[in-house]
Amino acid sequence: MFMESDEVREIYDFVQMNLFFGDETLSIGEKRCNPLVLFTIITSFLDGKELIFGEYGSGKTTSAERITSLTKTLPLEFIQATTIHGHPEQTEEKMKATLDLAALEKEGKEIIRWKLLPFSPAVIIDEINRLPVGKQSMILNEVDRNIWSYRGETLIFGEGKSFFGTINYQDAGTTLLIPLLLDRFDIAVETTMLHPVRKRLVRRGVDDSILRDSKLAKEMIEYIMEMNISEKSDEVVRYVAEISASFREVIEERARKNGFRLALPEKKEIRKINEEIESFPVSFDLELLMDYLGQEVYCHLGMHKDFSKCSGCHYANYICSDLYSISNRAERSILLYSKALAWWNGDEEADVLHLISVLPFALWHRTEISDRKRSEVRDIEKDVSDEFFAVQDSIRKVKKRWEEHRSLQIEAYNLLKKGEEKEVENIASLTGHPFFKSLLRG
Amino acid sequence: MEDSECEIQAGGAVSNIELRKVFEKVRKKLYYPPVEEFEVSEKSRFEFGRRLKLVIDKGEVKMFSRKALEGLFALNLNHWAKHPYDLKTILLEEYWLRDFEKRSEIRDIFDDLVSALDLIFNRGVEEVIDYYHQAPIRGKHDVLIRAYLQRVSGEKLIGSVNEEIERRVDELMKIDFLDLRKMRLRINLIRFGKVIEDLIEGFQPQISVEDFSEKDLKEALKEAAWELDEREFEDLCKFIGKKTETTIKKPRKVWYMEKARSYSIYIQSRSKTGSLYPSEIKEFEFDDKIEAFNPVESYGKLIPGIAKKYVYEDFEGMVGGVSDAVIVMDSSGSMTDPGRGVSYAVLGAFVIARNYLENGARVGVVNFSNENLSLLPTRGDAVFDYLILYQGGGTHLDVDELGRYLDRLRTQPDLIMITDGGIENIDEVSEFISKLKSMTLIWIKKHVKGLKEFSERVERLKAMKGVEVFDVEDEKDIPLIAVRKFGDFYA
């Protein structure tokens, strides 16, 4: 019997009630949820990449560690041991692998000793923006493919990894994440404000003992450090999987004792969840809105966008003057996470509702926002960052325009199918909207 | 909303659960407008809190068929999907109807009609017709609305009406209600008001400006500033102030501030200073100096791939920021009075001040005409008060006073002068500027470009070392302003 989305919702409820508190600010139809908890669970199952923004001590790393420990069913201490702390003095040797210096000295042999990181099913980098750009890039590339190389040796893993980077809002002592790297993150969430009652609970301390087993974590670390050569990597992977399977039962049993019915997914169930999400039906309207948005964001005064050109531009009221771009990678993330959200919500298909919910989370971290848009929203009361709000507001306005043009959009597609380009031209000149012009390109 | 919270006893065929389903179905059809909750209570209305909530009359729920309820939900939700869509539009509509006594009622009926027409003709939500079939007629104006809808939809909604109503329907037929471009909307509203006003009796608008919070009203007014000129905006603020508790103090200032948000200028940040410190650790390469070698991180080995070096960088905390700014603002009689027309000097100054403030810097102001009125660098709102202040006298910059002002500052600010160039004591000013290392001069040339004496004085300043001049003839020149700092203040 494979896992249903109901059971994943129970995991969400369990985390939200016991392991990480935050206000439920995301509405999906009738339901409300905490975006950080929900997207972290989804990212963990999808082996995606997530950025967690927040102020110092707001629980960014803690949330990622606890949720990953639960979803990957590994002792929290092990996950914490594999977490990398970003600072400029990090080296490949501290994070990934090193030479066995004793063997090199005594026998003249170059033996690579891998660190814990490549064997962990989840990678968490605390304060990723304090890691120099070159090292951010290296880690992200290797996590992307789960292929790890060091001094000519390579580890290739069959399964993917989920990746979480925590990040403080820009401050002295942090390097900027370059846009290319930001684009690699599927989604970005913020630690939300806390309701006074939840804050009281946090003050008292959150009991995460359900996830803890320091003895087992120590054993795991000792085992991996002993077996950490390339030839034995498959054995290590098997070992971690076995521990995960047995610890899953331990967590479930502990939860039962505490009065929670918790069914955590096995590896094959996670695979099944991923397949279900990948093949989840998508509504026609979702595709239409994405088509529309994707064209509106292009600059019509040249491929290399420069917001200073927007003043006086005919298209100044469109989203192109608010957001820099929506990359192909971003579009893939948006579609996948919209499907995941619909699946989680128990809906029949991924629709405009899910798309609108996901878009700001998938875009705000990876697209530059114009100064005009930032300025427009900075004095408005809100419980999210200016950047997130600006993207959300721009998307809301695109949606309104799209609703006006939706029937024309369908008509234009039908005309195009019939080869009646002249008619499409008429629609393009009637609306003046970039989407219709784009149909005549090429 | 939980079903248990839904306290209606849906007397008709529609149960509470079904009602929720109908609501969700309509939301989906209208692409999820921002009304996420509904409640059944005494009187139909909207509740404007943190979340927008629709309240529907429990009598109607009992009386209506499922289809008519769908129409009722659609009609209400479409107010936030199509028209009026936001509070700003509601405010503008009431403002345009200010000469009508029953302006709120006209606006509400007009918005309802637009919503209904959009649903019937653009979205194919024919359940709206069912709603009109079953909803009781609420007065003479409603007879007219139904007669009009009957004519345009071809559905029998009211049967035959008298000649007077027919004549008014003919008038309404001339209005293109679905043309919502700002100019058309204004004309349509007024024409509609003239046709319907005398028929309205005892009608209570469902959406009322007074129901919104003061915060919402202020935000909506600010949004309106983007669409109105400064006079209209001032009038709108006064009009809303009379109607509600909300008062916008100094509407002109708010208008300039909102306009200023449209522009960004380039400000060159402070250069980094301070000593280097060992920062990142990288691979040691053969052409690196041996002093860079880091034995600890290299495990004591000088082996390729193992050997490491430190890379030295500025101290982490010494990130280049933006300096404070002092804007020397000409508010003499030859400059445009910001209270009487659009002043590019004030707009430009607001843009500059806003950009500095948003980058964490402070802004000081020396407003000069007959005398220097000075404000020391601050992050407060007073900056904008000093910038918009219009003295309207002669153009005399008291350089001794300016010198004392600058001497009082603990940090070296970027100095920006905004003037049309008509400075009377140009010799003193030139001498003063020659002692400075740098200054940005913004020449507002719109009204003086043909005047020789003005341009000669500016040319004289232009020729001075360290003075960078930007000409502003039109609003579009504002983003071209760049403010640079070259180092210490005095040369």
# chains A, B, ... in the order shown; residues from 1 in each chain; ligands from 1
$ interface_residues --of "chain A" --to "chain B" --cutoff "7 Å" --atoms "only C-alpha atoms" --output "short mmCIF file (atom, residue, chain, number, x, y, z; two decimals) with N, CA and C atoms, in the first residue's frame"
data_model
loop_
_atom_site.label_atom_id
_atom_site.label_comp_id
_atom_site.auth_asym_id
_atom_site.auth_seq_id
_atom_site.Cartn_x
_atom_site.Cartn_y
_atom_site.Cartn_z
N PRO A 88 34.14 31.91 4.99
CA PRO A 88 35.10 32.01 3.88
C PRO A 88 36.25 31.01 3.96
N GLU A 89 36.48 30.46 5.14
CA GLU A 89 37.63 29.57 5.26
C GLU A 89 37.30 28.11 5.00
N THR A 91 36.98 24.79 3.04
CA THR A 91 37.73 24.27 1.90
C THR A 91 37.09 22.96 1.45
N ALA A 172 26.41 43.02 6.43
CA ALA A 172 27.86 43.05 6.36
C ALA A 172 28.37 41.65 6.68
N GLY A 173 29.43 41.24 6.00
CA GLY A 173 29.99 39.92 6.28
C GLY A 173 29.39 38.84 5.43
N SER A 311 11.37 53.87 -18.05
CA SER A 311 10.70 55.16 -17.96
C SER A 311 10.27 55.61 -19.36
N VAL A 352 -4.73 27.24 -11.59
CA VAL A 352 -4.27 28.62 -11.38
C VAL A 352 -4.04 28.90 -9.89
N LEU A 353 -4.89 28.35 -9.05
CA LEU A 353 -4.77 28.54 -7.60
C LEU A 353 -3.39 28.11 -7.10
N ASP A 371 13.94 48.90 -8.90
CA ASP A 371 13.89 49.84 -7.77
C ASP A 371 12.51 50.46 -7.63
N ARG A 372 11.87 50.71 -8.78
CA ARG A 372 10.55 51.33 -8.76
C ARG A 372 9.56 50.44 -8.01
N SER A 375 10.36 50.26 -4.31
CA SER A 375 9.95 51.49 -3.65
C SER A 375 8.44 51.54 -3.46
N GLU A 376 7.74 51.01 -4.44
CA GLU A 376 6.27 51.02 -4.41
C GLU A 376 5.73 50.24 -3.19
#
$ residues_around --residues "Ile187 of chain A" --least-positions-apart "6" --cutoff "9 Å" --atoms "only C-alpha atoms" --output "NGL selection string"
:A and (39 or 43 or 48-52 or 330 or 333-334 or 337 or 358 or 360-365)
$ residues_around --residues "Ser321 of chain A" --least-positions-apart "6" --cutoff "10 Å" --atoms "only C-alpha atoms" --output "PDB file with N, CA and C atoms, in the first residue's frame"
ATOM      1  N   GLU A 296       5.246  38.162 -21.024  1.00  0.00           N
ATOM      2  CA  GLU A 296       5.147  39.534 -20.503  1.00  0.00           C
ATOM      3  C   GLU A 296       6.440  39.980 -19.824  1.00  0.00           C
ATOM      4  N   VAL A 297       7.195  39.013 -19.343  1.00  0.00           N
ATOM      5  CA  VAL A 297       8.390  39.379 -18.569  1.00  0.00           C
ATOM      6  C   VAL A 297       9.574  39.778 -19.470  1.00  0.00           C
ATOM      7  N   TYR A 298       9.507  39.428 -20.768  1.00  0.00           N
ATOM      8  CA  TYR A 298      10.608  39.800 -21.674  1.00  0.00           C
ATOM      9  C   TYR A 298      10.657  41.316 -21.869  1.00  0.00           C
ATOM     10  N   CYS A 299      11.879  41.838 -21.998  1.00  0.00           N
ATOM     11  CA  CYS A 299      12.020  43.259 -22.323  1.00  0.00           C
ATOM     12  C   CYS A 299      11.917  43.412 -23.836  1.00  0.00           C
ATOM     13  N   LYS A 305      18.174  43.180 -20.387  1.00  0.00           N
ATOM     14  CA  LYS A 305      17.244  44.118 -19.745  1.00  0.00           C
ATOM     15  C   LYS A 305      17.987  45.170 -18.913  1.00  0.00           C
ATOM     16  N   ASP A 306      17.464  46.380 -18.967  1.00  0.00           N
ATOM     17  CA  ASP A 306      18.005  47.473 -18.174  1.00  0.00           C
ATOM     18  C   ASP A 306      16.793  48.288 -17.708  1.00  0.00           C
ATOM     19  N   PHE A 307      16.520  48.240 -16.402  1.00  0.00           N
ATOM     20  CA  PHE A 307      15.296  48.876 -15.890  1.00  0.00           C
ATOM     21  C   PHE A 307      15.257  50.389 -16.148  1.00  0.00           C
ATOM     22  N   SER A 308      16.443  50.979 -16.375  1.00  0.00           N
ATOM     23  CA  SER A 308      16.427  52.433 -16.586  1.00  0.00           C
ATOM     24  C   SER A 308      15.735  52.786 -17.911  1.00  0.00           C
ATOM     25  N   LYS A 309      15.574  51.785 -18.793  1.00  0.00           N
ATOM     26  CA  LYS A 309      14.880  52.041 -20.060  1.00  0.00           C
ATOM     27  C   LYS A 309      13.360  52.083 -19.869  1.00  0.00           C
ATOM     28  N   CYS A 310      12.888  51.651 -18.704  1.00  0.00           N
ATOM     29  CA  CYS A 310      11.432  51.493 -18.523  1.00  0.00           C
ATOM     30  C   CYS A 310      10.686  52.832 -18.505  1.00  0.00           C
ATOM     31  N   SER A 311      11.372  53.873 -18.052  1.00  0.00           N
ATOM     32  CA  SER A 311      10.697  55.163 -17.961  1.00  0.00           C
ATOM     33  C   SER A 311      10.271  55.613 -19.360  1.00  0.00           C
ATOM     34  N   CYS A 313       8.609  53.867 -21.450  1.00  0.00           N
ATOM     35  CA  CYS A 313       8.439  52.738 -22.376  1.00  0.00           C
ATOM     36  C   CYS A 313       6.950  52.382 -22.487  1.00  0.00           C
ATOM     37  N   TYR A 315       5.660  49.575 -22.616  1.00  0.00           N
ATOM     38  CA  TYR A 315       5.309  48.390 -21.826  1.00  0.00           C
ATOM     39  C   TYR A 315       5.547  48.593 -20.325  1.00  0.00           C
ATOM     40  N   ILE A 369      14.526  42.630  -8.879  1.00  0.00           N
ATOM     41  CA  ILE A 369      13.294  43.424  -8.837  1.00  0.00           C
ATOM     42  C   ILE A 369      13.667  44.886  -9.050  1.00  0.00           C
ATOM     43  N   SER A 370      12.903  45.575  -9.872  1.00  0.00           N
ATOM     44  CA  SER A 370      13.264  46.968 -10.178  1.00  0.00           C
ATOM     45  C   SER A 370      13.142  47.843  -8.929  1.00  0.00           C
ATOM     46  N   ASP A 371      13.940  48.905  -8.899  1.00  0.00           N
ATOM     47  CA  ASP A 371      13.890  49.839  -7.769  1.00  0.00           C
ATOM     48  C   ASP A 371      12.508  50.455  -7.632  1.00  0.00           C
ATOM     49  N   ARG A 372      11.871  50.713  -8.780  1.00  0.00           N
ATOM     50  CA  ARG A 372      10.545  51.334  -8.758  1.00  0.00           C
ATOM     51  C   ARG A 372       9.561  50.436  -8.011  1.00  0.00           C
ATOM     52  N   LYS A 373       9.637  49.135  -8.306  1.00  0.00           N
ATOM     53  CA  LYS A 373       8.704  48.194  -7.671  1.00  0.00           C
ATOM     54  C   LYS A 373       9.014  48.060  -6.177  1.00  0.00           C
ATOM     55  N   SER A 394       3.172  41.910  -8.190  1.00  0.00           N
ATOM     56  CA  SER A 394       3.305  41.945  -9.654  1.00  0.00           C
ATOM     57  C   SER A 394       2.549  40.785 -10.289  1.00  0.00           C
TER      58      SER A 394
END
$ residues_around --residues "Ser44 of chain B" --least-positions-apart "6" --cutoff "8 Å" --atoms "only C-alpha atoms" --output "list of chain:residue names"
B:Leu54, B:Val55, B:Ile56, B:Asp57, B:Gln206
$ residues_around --residues "Pro121 of chain A" --least-positions-apart "3" --cutoff "9 Å" --atoms "only C-alpha atoms" --output "PyMOL selection string"
chain A and resi 47+72+117-118+159-163+240
$ decode --residues "segment 394-407 of chain B" --atoms "N, CA and C atoms" --output "PDB file, in the first residue's frame"
ATOM      1  N   GLY B 394      14.087  86.187  -3.697  1.00  0.00           N
ATOM      2  CA  GLY B 394      15.261  86.324  -4.560  1.00  0.00           C
ATOM      3  C   GLY B 394      16.094  85.049  -4.544  1.00  0.00           C
ATOM      4  N   THR B 395      17.182  85.054  -5.357  1.00  0.00           N
ATOM      5  CA  THR B 395      18.007  83.833  -5.437  1.00  0.00           C
ATOM      6  C   THR B 395      19.378  84.124  -4.839  1.00  0.00           C
ATOM      7  N   HIS B 396      19.418  84.144  -3.530  1.00  0.00           N
ATOM      8  CA  HIS B 396      20.664  84.462  -2.850  1.00  0.00           C
ATOM      9  C   HIS B 396      21.054  83.282  -1.954  1.00  0.00           C
ATOM     10  N   LEU B 397      22.191  82.659  -2.279  1.00  0.00           N
ATOM     11  CA  LEU B 397      22.674  81.558  -1.437  1.00  0.00           C
ATOM     12  C   LEU B 397      23.688  82.131  -0.456  1.00  0.00           C
ATOM     13  N   ASP B 398      23.371  82.037   0.813  1.00  0.00           N
ATOM     14  CA  ASP B 398      24.267  82.555   1.845  1.00  0.00           C
ATOM     15  C   ASP B 398      25.412  81.551   2.034  1.00  0.00           C
ATOM     16  N   VAL B 399      26.543  81.819   1.372  1.00  0.00           N
ATOM     17  CA  VAL B 399      27.639  80.839   1.372  1.00  0.00           C
ATOM     18  C   VAL B 399      28.325  80.736   2.738  1.00  0.00           C
ATOM     19  N   ASP B 400      28.350  81.824   3.484  1.00  0.00           N
ATOM     20  CA  ASP B 400      28.962  81.752   4.822  1.00  0.00           C
ATOM     21  C   ASP B 400      28.155  80.804   5.707  1.00  0.00           C
ATOM     22  N   GLU B 401      26.850  80.964   5.617  1.00  0.00           N
ATOM     23  CA  GLU B 401      25.948  80.105   6.389  1.00  0.00           C
ATOM     24  C   GLU B 401      26.101  78.640   5.937  1.00  0.00           C
ATOM     25  N   LEU B 402      26.200  78.452   4.599  1.00  0.00           N
ATOM     26  CA  LEU B 402      26.365  77.091   4.061  1.00  0.00           C
ATOM     27  C   LEU B 402      27.690  76.486   4.547  1.00  0.00           C
ATOM     28  N   GLY B 403      28.732  77.319   4.575  1.00  0.00           N
ATOM     29  CA  GLY B 403      30.041  76.852   5.044  1.00  0.00           C
ATOM     30  C   GLY B 403      29.953  76.393   6.495  1.00  0.00           C
ATOM     31  N   ARG B 404      29.288  77.213   7.329  1.00  0.00           N
ATOM     32  CA  ARG B 404      29.159  76.856   8.758  1.00  0.00           C
ATOM     33  C   ARG B 404      28.359  75.556   8.899  1.00  0.00           C
ATOM     34  N   TYR B 405      27.329  75.458   8.062  1.00  0.00           N
ATOM     35  CA  TYR B 405      26.480  74.247   8.090  1.00  0.00           C
ATOM     36  C   TYR B 405      27.337  73.002   7.784  1.00  0.00           C
ATOM     37  N   LEU B 406      28.136  73.107   6.722  1.00  0.00           N
ATOM     38  CA  LEU B 406      28.954  71.942   6.329  1.00  0.00           C
ATOM     39  C   LEU B 406      30.006  71.624   7.386  1.00  0.00           C
ATOM     40  N   ASP B 407      30.530  72.659   8.026  1.00  0.00           N
ATOM     41  CA  ASP B 407      31.542  72.433   9.069  1.00  0.00           C
ATOM     42  C   ASP B 407      30.979  71.682  10.273  1.00  0.00           C
TER      43      ASP B 407
END
